[in-house]
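Okay, protein_37.pdb is below, PDB, C-alpha atoms and all ligand atoms:
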ATOM      1  CA  MET M   1     108.452  73.918 136.297  1.00  0.00           C
ATOM      2  CA  ALA M   2     109.244  74.879 132.719  1.00  0.00           C
ATOM      3  CA  ARG M   3     108.713  78.565 132.066  1.00  0.00           C
ATOM      4  CA  LEU M   4     106.524  79.254 129.087  1.00  0.00           C
ATOM      5  CA  ALA M   5     105.871  82.684 127.581  1.00  0.00           C
ATOM      6  CA  ILE M   6     103.294  83.551 124.949  1.00  0.00           C
ATOM      7  CA  CYS M   7     104.342  86.227 122.493  1.00  0.00           C
ATOM      8  CA  PRO M   8     101.037  87.362 120.964  1.00  0.00           C
ATOM      9  CA  GLY M   9     100.416  89.709 118.069  1.00  0.00           C
ATOM     10  CA  SER M  10      99.130  90.214 114.563  1.00  0.00           C
ATOM     11  CA  PHE M  11     102.541  89.699 112.911  1.00  0.00           C
ATOM     12  CA  ASP M  12     101.204  90.996 109.597  1.00  0.00           C
ATOM     13  CA  PRO M  13     104.030  90.366 108.717  1.00  0.00           C
ATOM     14  CA  ILE M  14     106.832  89.580 111.198  1.00  0.00           C
ATOM     15  CA  THR M  15     109.587  92.248 111.279  1.00  0.00           C
ATOM     16  CA  PHE M  16     113.085  92.444 112.777  1.00  0.00           C
ATOM     17  CA  GLY M  17     111.450  94.301 115.704  1.00  0.00           C
ATOM     18  CA  HIS M  18     109.278  91.270 116.542  1.00  0.00           C
ATOM     19  CA  LEU M  19     112.186  88.916 115.948  1.00  0.00           C
ATOM     20  CA  ASP M  20     114.377  90.850 118.382  1.00  0.00           C
ATOM     21  CA  ILE M  21     111.786  90.411 121.158  1.00  0.00           C
ATOM     22  CA  ILE M  22     111.276  86.720 120.299  1.00  0.00           C
ATOM     23  CA  GLU M  23     115.034  86.003 120.257  1.00  0.00           C
ATOM     24  CA  ARG M  24     115.641  87.768 123.564  1.00  0.00           C
ATOM     25  CA  GLY M  25     112.593  86.057 125.084  1.00  0.00           C
ATOM     26  CA  SER M  26     113.840  82.651 123.973  1.00  0.00           C
ATOM     27  CA  LYS M  27     116.986  83.194 126.075  1.00  0.00           C
ATOM     28  CA  ILE M  28     114.959  83.903 129.209  1.00  0.00           C
ATOM     29  CA  PHE M  29     112.154  81.337 128.960  1.00  0.00           C
ATOM     30  CA  ASP M  30     112.309  77.579 128.472  1.00  0.00           C
ATOM     31  CA  GLU M  31     109.754  77.880 125.711  1.00  0.00           C
ATOM     32  CA  VAL M  32     108.186  80.738 123.758  1.00  0.00           C
ATOM     33  CA  ILE M  33     105.015  80.337 121.723  1.00  0.00           C
ATOM     34  CA  VAL M  34     104.567  83.016 119.102  1.00  0.00           C
ATOM     35  CA  ALA M  35     100.789  83.178 118.745  1.00  0.00           C
ATOM     36  CA  VAL M  36      99.156  84.856 115.770  1.00  0.00           C
ATOM     37  CA  PHE M  37      95.867  86.473 116.752  1.00  0.00           C
ATOM     38  CA  ASN M  38      93.563  87.229 113.915  1.00  0.00           C
ATOM     39  CA  ASN M  39      92.440  90.808 114.370  1.00  0.00           C
ATOM     40  CA  GLN M  40      90.024  91.280 111.461  1.00  0.00           C
ATOM     41  CA  SER M  41      89.538  94.946 112.343  1.00  0.00           C
ATOM     42  CA  LYS M  42      93.101  95.511 111.131  1.00  0.00           C
ATOM     43  CA  SER M  43      92.254  94.137 107.613  1.00  0.00           C
ATOM     44  CA  PRO M  44      95.312  91.902 107.427  1.00  0.00           C
ATOM     45  CA  LEU M  45      97.417  91.626 104.264  1.00  0.00           C
ATOM     46  CA  PHE M  46      98.544  88.047 104.953  1.00  0.00           C
ATOM     47  CA  THR M  47      96.340  85.109 105.949  1.00  0.00           C
ATOM     48  CA  VAL M  48      96.959  83.537 109.347  1.00  0.00           C
ATOM     49  CA  GLU M  49      98.576  80.526 107.626  1.00  0.00           C
ATOM     50  CA  GLU M  50     100.906  82.766 105.609  1.00  0.00           C
ATOM     51  CA  ARG M  51     101.877  84.726 108.726  1.00  0.00           C
ATOM     52  CA  MET M  52     102.571  81.516 110.654  1.00  0.00           C
ATOM     53  CA  GLU M  53     104.740  80.164 107.861  1.00  0.00           C
ATOM     54  CA  LEU M  54     106.781  83.396 107.689  1.00  0.00           C
ATOM     55  CA  ILE M  55     107.303  83.287 111.485  1.00  0.00           C
ATOM     56  CA  LYS M  56     108.271  79.594 111.351  1.00  0.00           C
ATOM     57  CA  VAL M  57     110.936  80.185 108.712  1.00  0.00           C
ATOM     58  CA  SER M  58     112.212  83.333 110.464  1.00  0.00           C
ATOM     59  CA  THR M  59     112.556  81.582 113.842  1.00  0.00           C
ATOM     60  CA  LYS M  60     113.830  78.191 112.694  1.00  0.00           C
ATOM     61  CA  HIS M  61     117.226  78.879 114.359  1.00  0.00           C
ATOM     62  CA  LEU M  62     115.481  79.103 117.753  1.00  0.00           C
ATOM     63  CA  SER M  63     114.824  75.561 118.969  1.00  0.00           C
ATOM     64  CA  ASN M  64     112.571  76.546 121.900  1.00  0.00           C
ATOM     65  CA  VAL M  65     110.254  78.776 119.840  1.00  0.00           C
ATOM     66  CA  LYS M  66     106.952  77.400 118.545  1.00  0.00           C
ATOM     67  CA  VAL M  67     104.380  79.054 116.320  1.00  0.00           C
ATOM     68  CA  ASP M  68     100.634  78.820 116.776  1.00  0.00           C
ATOM     69  CA  ALA M  69      97.435  80.760 116.060  1.00  0.00           C
ATOM     70  CA  SER M  70      94.220  81.535 117.874  1.00  0.00           C
ATOM     71  CA  ASP M  71      91.071  83.492 117.223  1.00  0.00           C
ATOM     72  CA  GLY M  72      89.987  83.434 120.841  1.00  0.00           C
ATOM     73  CA  LEU M  73      90.759  85.613 123.826  1.00  0.00           C
ATOM     74  CA  LEU M  74      94.463  85.903 124.663  1.00  0.00           C
ATOM     75  CA  ILE M  75      94.018  85.167 128.366  1.00  0.00           C
ATOM     76  CA  ASP M  76      92.007  81.996 127.619  1.00  0.00           C
ATOM     77  CA  TYR M  77      94.750  80.900 125.245  1.00  0.00           C
ATOM     78  CA  ALA M  78      97.481  81.552 127.853  1.00  0.00           C
ATOM     79  CA  GLU M  79      95.531  79.571 130.480  1.00  0.00           C
ATOM     80  CA  GLU M  80      94.956  76.695 128.096  1.00  0.00           C
ATOM     81  CA  LYS M  81      98.717  76.495 127.390  1.00  0.00           C
ATOM     82  CA  ASN M  82      99.600  76.848 131.095  1.00  0.00           C
ATOM     83  CA  ALA M  83     101.759  79.871 130.311  1.00  0.00           C
ATOM     84  CA  GLN M  84     103.090  81.979 133.178  1.00  0.00           C
ATOM     85  CA  VAL M  85     103.890  85.019 131.081  1.00  0.00           C
ATOM     86  CA  ILE M  86     102.590  87.117 128.206  1.00  0.00           C
ATOM     87  CA  LEU M  87     105.565  88.778 126.539  1.00  0.00           C
ATOM     88  CA  ARG M  88     105.096  92.053 124.666  1.00  0.00           C
ATOM     89  CA  GLY M  89     107.465  94.540 123.089  1.00  0.00           C
ATOM     90  CA  LEU M  90     107.403  98.264 123.807  1.00  0.00           C
ATOM     91  CA  ARG M  91     108.523 100.778 121.250  1.00  0.00           C
ATOM     92  CA  ALA M  92     107.666 104.428 121.777  1.00  0.00           C
ATOM     93  CA  VAL M  93     105.529 106.091 124.439  1.00  0.00           C
ATOM     94  CA  SER M  94     102.676 105.780 121.954  1.00  0.00           C
ATOM     95  CA  ASP M  95     102.524 102.010 122.659  1.00  0.00           C
ATOM     96  CA  PHE M  96     102.188 102.594 126.371  1.00  0.00           C
ATOM     97  CA  GLU M  97      98.566 103.578 126.836  1.00  0.00           C
ATOM     98  CA  TYR M  98      97.221 100.773 124.657  1.00  0.00           C
ATOM     99  CA  GLU M  99      99.418  98.196 126.367  1.00  0.00           C
ATOM    100  CA  MET M 100      98.408  99.455 129.837  1.00  0.00           C
ATOM    101  CA  GLN M 101      94.751  99.016 128.934  1.00  0.00           C
ATOM    102  CA  ILE M 102      95.171  95.473 127.634  1.00  0.00           C
ATOM    103  CA  THR M 103      97.429  94.481 130.524  1.00  0.00           C
ATOM    104  CA  SER M 104      95.001  95.792 133.152  1.00  0.00           C
ATOM    105  CA  MET M 105      92.150  93.886 131.530  1.00  0.00           C
ATOM    106  CA  ASN M 106      94.183  90.685 131.308  1.00  0.00           C
ATOM    107  CA  ARG M 107      95.225  91.015 134.949  1.00  0.00           C
ATOM    108  CA  LYS M 108      91.587  91.441 135.941  1.00  0.00           C
ATOM    109  CA  LEU M 109      90.685  88.283 134.024  1.00  0.00           C
ATOM    110  CA  ASP M 110      93.563  86.225 135.445  1.00  0.00           C
ATOM    111  CA  SER M 111      95.954  87.752 137.964  1.00  0.00           C
ATOM    112  CA  THR M 112      98.258  84.699 137.936  1.00  0.00           C
ATOM    113  CA  ILE M 113      99.489  85.412 134.415  1.00  0.00           C
ATOM    114  CA  GLU M 114     102.077  88.192 134.280  1.00  0.00           C
ATOM    115  CA  THR M 115     102.525  90.484 131.294  1.00  0.00           C
ATOM    116  CA  LEU M 116     106.179  91.362 130.776  1.00  0.00           C
ATOM    117  CA  PHE M 117     107.439  94.120 128.494  1.00  0.00           C
ATOM    118  CA  MET M 118     110.740  94.252 126.742  1.00  0.00           C
ATOM    119  CA  MET M 119     112.065  97.543 125.463  1.00  0.00           C
ATOM    120  CA  THR M 120     112.768  97.451 121.790  1.00  0.00           C
ATOM    121  CA  ASN M 121     116.270  97.625 120.470  1.00  0.00           C
ATOM    122  CA  ASN M 122     116.819 101.326 119.567  1.00  0.00           C
ATOM    123  CA  GLN M 123     117.296 100.563 115.900  1.00  0.00           C
ATOM    124  CA  TYR M 124     113.755  99.117 115.734  1.00  0.00           C
ATOM    125  CA  SER M 125     111.880 101.690 117.790  1.00  0.00           C
ATOM    126  CA  PHE M 126     110.067 103.102 114.762  1.00  0.00           C
ATOM    127  CA  LEU M 127     109.584  99.786 113.003  1.00  0.00           C
ATOM    128  CA  SER M 128     106.088  98.361 112.636  1.00  0.00           C
ATOM    129  CA  SER M 129     104.368  95.946 110.269  1.00  0.00           C
ATOM    130  CA  SER M 130     102.223  98.829 108.972  1.00  0.00           C
ATOM    131  CA  ILE M 131     105.178 101.008 108.026  1.00  0.00           C
ATOM    132  CA  VAL M 132     106.849  98.054 106.289  1.00  0.00           C
ATOM    133  CA  LYS M 133     103.670  97.400 104.248  1.00  0.00           C
ATOM    134  CA  GLU M 134     103.360 101.064 103.360  1.00  0.00           C
ATOM    135  CA  VAL M 135     106.915 101.169 102.033  1.00  0.00           C
ATOM    136  CA  ALA M 136     106.767  97.758 100.309  1.00  0.00           C
ATOM    137  CA  LYS M 137     103.592  98.795  98.481  1.00  0.00           C
ATOM    138  CA  TYR M 138     105.703 101.344  96.577  1.00  0.00           C
ATOM    139  CA  LYS M 139     108.324  98.688  95.774  1.00  0.00           C
ATOM    140  CA  ALA M 140     110.942 100.185  98.116  1.00  0.00           C
ATOM    141  CA  ASP M 141     113.643  97.935  99.563  1.00  0.00           C
ATOM    142  CA  VAL M 142     112.653  96.508 102.968  1.00  0.00           C
ATOM    143  CA  THR M 143     115.502  94.021 103.443  1.00  0.00           C
ATOM    144  CA  ASP M 144     116.853  96.066 106.402  1.00  0.00           C
ATOM    145  CA  LEU M 145     113.511  95.774 108.167  1.00  0.00           C
ATOM    146  CA  VAL M 146     112.304  92.197 107.680  1.00  0.00           C
ATOM    147  CA  PRO M 147     113.792  88.739 107.018  1.00  0.00           C
ATOM    148  CA  VAL M 148     114.467  87.992 103.318  1.00  0.00           C
ATOM    149  CA  ILE M 149     111.552  85.545 103.118  1.00  0.00           C
ATOM    150  CA  VAL M 150     109.179  88.280 104.306  1.00  0.00           C
ATOM    151  CA  ALA M 151     110.577  90.801 101.818  1.00  0.00           C
ATOM    152  CA  GLU M 152     109.916  88.237  99.052  1.00  0.00           C
ATOM    153  CA  ALA M 153     106.388  87.543 100.313  1.00  0.00           C
ATOM    154  CA  LEU M 154     105.626  91.280 100.346  1.00  0.00           C
ATOM    155  CA  LYS M 155     106.907  91.626  96.794  1.00  0.00           C
ATOM    156  CA  ASN M 156     104.620  88.799  95.672  1.00  0.00           C
ATOM    157  CA  LYS M 157     101.584  90.229  97.457  1.00  0.00           C
ATOM    158  CA  TYR M 158     101.947  93.658  95.914  1.00  0.00           C
ATOM    159  CA  ARG M 159     102.815  92.275  92.480  1.00  0.00           C
ATOM    160  CA  ASN M 160      99.398  90.633  92.385  1.00  0.00           C
ATOM    161  CA  ARG M 161      97.465  93.724  93.438  1.00  0.00           C
TER     162      ARG M 161
HETATM  163  P1  LIG M 201      99.355  93.784 117.916  1.00  0.00           P
HETATM  164  O1  LIG M 201      98.354  93.900 116.826  1.00  0.00           O
HETATM  165  O2  LIG M 201      98.948  92.860 119.002  1.00  0.00           O
HETATM  166  O3  LIG M 201      99.910  95.087 118.436  1.00  0.00           O
HETATM  167  P2  LIG M 201     101.819  93.429 116.464  1.00  0.00           P
HETATM  168  O4  LIG M 201     102.094  92.320 115.511  1.00  0.00           O
HETATM  169  O5  LIG M 201     101.764  94.796 115.913  1.00  0.00           O
HETATM  170  O6  LIG M 201     100.523  92.999 117.209  1.00  0.00           O
HETATM  171  O7  LIG M 201     102.903  93.379 117.627  1.00  0.00           O
HETATM  172  C1  LIG M 201     103.097  92.248 118.413  1.00  0.00           C
HETATM  173  C2  LIG M 201     104.038  92.592 119.555  1.00  0.00           C
HETATM  174  O8  LIG M 201     105.314  92.953 119.053  1.00  0.00           O
HETATM  175  C3  LIG M 201     103.571  93.788 120.389  1.00  0.00           C
HETATM  176  O9  LIG M 201     103.935  93.565 121.733  1.00  0.00           O
HETATM  177  C4  LIG M 201     104.356  94.928 119.829  1.00  0.00           C
HETATM  178  O10 LIG M 201     104.521  95.976 120.768  1.00  0.00           O
HETATM  179  C5  LIG M 201     105.662  94.230 119.528  1.00  0.00           C
HETATM  180  N1  LIG M 201     106.427  94.925 118.498  1.00  0.00           N
HETATM  181  C6  LIG M 201     106.036  95.248 117.247  1.00  0.00           C
HETATM  182  N2  LIG M 201     107.013  95.901 116.586  1.00  0.00           N
HETATM  183  C7  LIG M 201     108.055  95.998 117.455  1.00  0.00           C
HETATM  184  C8  LIG M 201     109.360  96.594 117.397  1.00  0.00           C
HETATM  185  N3  LIG M 201     109.769  97.241 116.314  1.00  0.00           N
HETATM  186  N4  LIG M 201     110.138  96.486 118.492  1.00  0.00           N
HETATM  187  C9  LIG M 201     109.686  95.847 119.594  1.00  0.00           C
HETATM  188  N5  LIG M 201     108.488  95.295 119.718  1.00  0.00           N
HETATM  189  C10 LIG M 201     107.670  95.361 118.673  1.00  0.00           C
END
Translate the structure of the given file into structure tokens.
Ligand code: ADP
Amino acid sequence: MARLAICPGSFDPITFGHLDIIERGSKIFDEVIVAVFNNQSKSPLFTVEERMELIKVSTKHLSNVKVDASDGLLIDYAEEKNAQVILRGLRAVSDFEYEMQITSMNRKLDSTIETLFMMTNNQYSFLSSSIVKEVAKYKADVTDLVPVIVAEALKNKYRNR
């Protein structure tokens, strides 16, 4: 049976931290679907379509990675795709409590789908989409933090604001 993992998140926008988890996941699983979940409470900067396009370009070197979007419940999405695993990244201890809560709920909803965590690469442990947006807003250089296409997209967004 082919092993499929869903890598869910807001990806507003994708950073090198996300990409590190996706790349490492793609070596372990037969297929990885990066799924953009539209969390309106986070007031996203990029539309779902823009976020998907940035992920597609950033992962085009990974032949077993697909990009998708959903506005439903993650566990329903994972069931629908017949995924065995939900893959999440862990940065600092601050991620832990939130992830525990979500994982416990998902396990209650469907105990056959495992949530697996990958520790971030040390160099990305303080990297988040929010911090990238904060810095990019003031026109600082973010090319160490995100793929070039994302840095360009951020520049364009903030130019028009
Ligand atoms: P969410 O809104 O679901 O937290 P994010 O887009 O912020 O979505 O993150 C998606 C996933 O990527 C989460 O599992 C998150 O912990 C992980 N992630 C985000 N940034 C990093 C990073 N710098 N290193 C490792 N994992 C990360």
When you draw a straight line from atom CA of M:Thr15 to atom P1 of ligand LIG 201 (chain M), how long is it in Å?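 Pair atom CA of M:Thr15 / atom P1 of ligand LIG 201 (chain M) returns 12.3 Å.
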Report as a PyMOL selection string all protein, DNA and RNA residues lying within 12 Å of stretch 88-99 of chain M, evaluated on all atoms listed in the file, omitting residues in the same chain fewer than 2 positions from it. chain M and resi 5-10+16-25+32+34-35+85-86+101-107+114-128
What does the PyMOL selection byres (((chain M and resi 39-47) around 10) and not hetatm) select in this file, as a list in words?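 Applying the PyMOL selection byres (((chain M and resi 39-47) around 10) and not hetatm) to the structure shown produces Gly9, Ser10, Phe11, Asp12, Pro13, Val36, Phe37, Asn38, Val48, Glu49, Glu50, Arg51, Met52, Glu53, Leu54, Asp71, Ser130, Lys133, Ala153, Leu154, Lys157 and Tyr158 of chain M.
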Only C-alpha atoms, please: the residues just picked out, written as a short mmCIF file (atom, residue, chain, number, x, y, z; two decimals), in the coordinates of the input.
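The resulting file, again_32.cif, is reproduced below:
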data_model
loop_
_atom_site.label_atom_id
_atom_site.label_comp_id
_atom_site.auth_asym_id
_atom_site.auth_seq_id
_atom_site.Cartn_x
_atom_site.Cartn_y
_atom_site.Cartn_z
CA GLY M 9 100.42 89.71 118.07
CA SER M 10 99.13 90.21 114.56
CA PHE M 11 102.54 89.70 112.91
CA ASP M 12 101.20 91.00 109.60
CA PRO M 13 104.03 90.37 108.72
CA VAL M 36 99.16 84.86 115.77
CA PHE M 37 95.87 86.47 116.75
CA ASN M 38 93.56 87.23 113.92
CA VAL M 48 96.96 83.54 109.35
CA GLU M 49 98.58 80.53 107.63
CA GLU M 50 100.91 82.77 105.61
CA ARG M 51 101.88 84.73 108.73
CA MET M 52 102.57 81.52 110.65
CA GLU M 53 104.74 80.16 107.86
CA LEU M 54 106.78 83.40 107.69
CA ASP M 71 91.07 83.49 117.22
CA SER M 130 102.22 98.83 108.97
CA LYS M 133 103.67 97.40 104.25
CA ALA M 153 106.39 87.54 100.31
CA LEU M 154 105.63 91.28 100.35
CA LYS M 157 101.58 90.23 97.46
CA TYR M 158 101.95 93.66 95.91
#
Could you tell me how far atom CA of M:Asp76 lies from atom CA of M:Leu109, in Å and to one decimal? 9.1 Å
As a check of understanding: the span from atom O1 of ligand LIG 201 (chain M) to atom CA of M:Leu62 is 22.7 Å
Padded axis-aligned box of ligand LIG 201 (chain M) (4 Å per side), centre and edge lengths, Å, one decimal, as JSON:
{"center_x": 104.2, "center_y": 94.7, "center_z": 118.6, "size_x": 19.8, "size_y": 13.0, "size_z": 14.2}
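Distance annotation: of M:Arg3, M:Ser129, M:Ile113, M:Lys56, the residue with the minimal separation from ligand LIG 201 (chain M) is M:Ser129; atom set is only C-alpha atoms and all ligand atoms.
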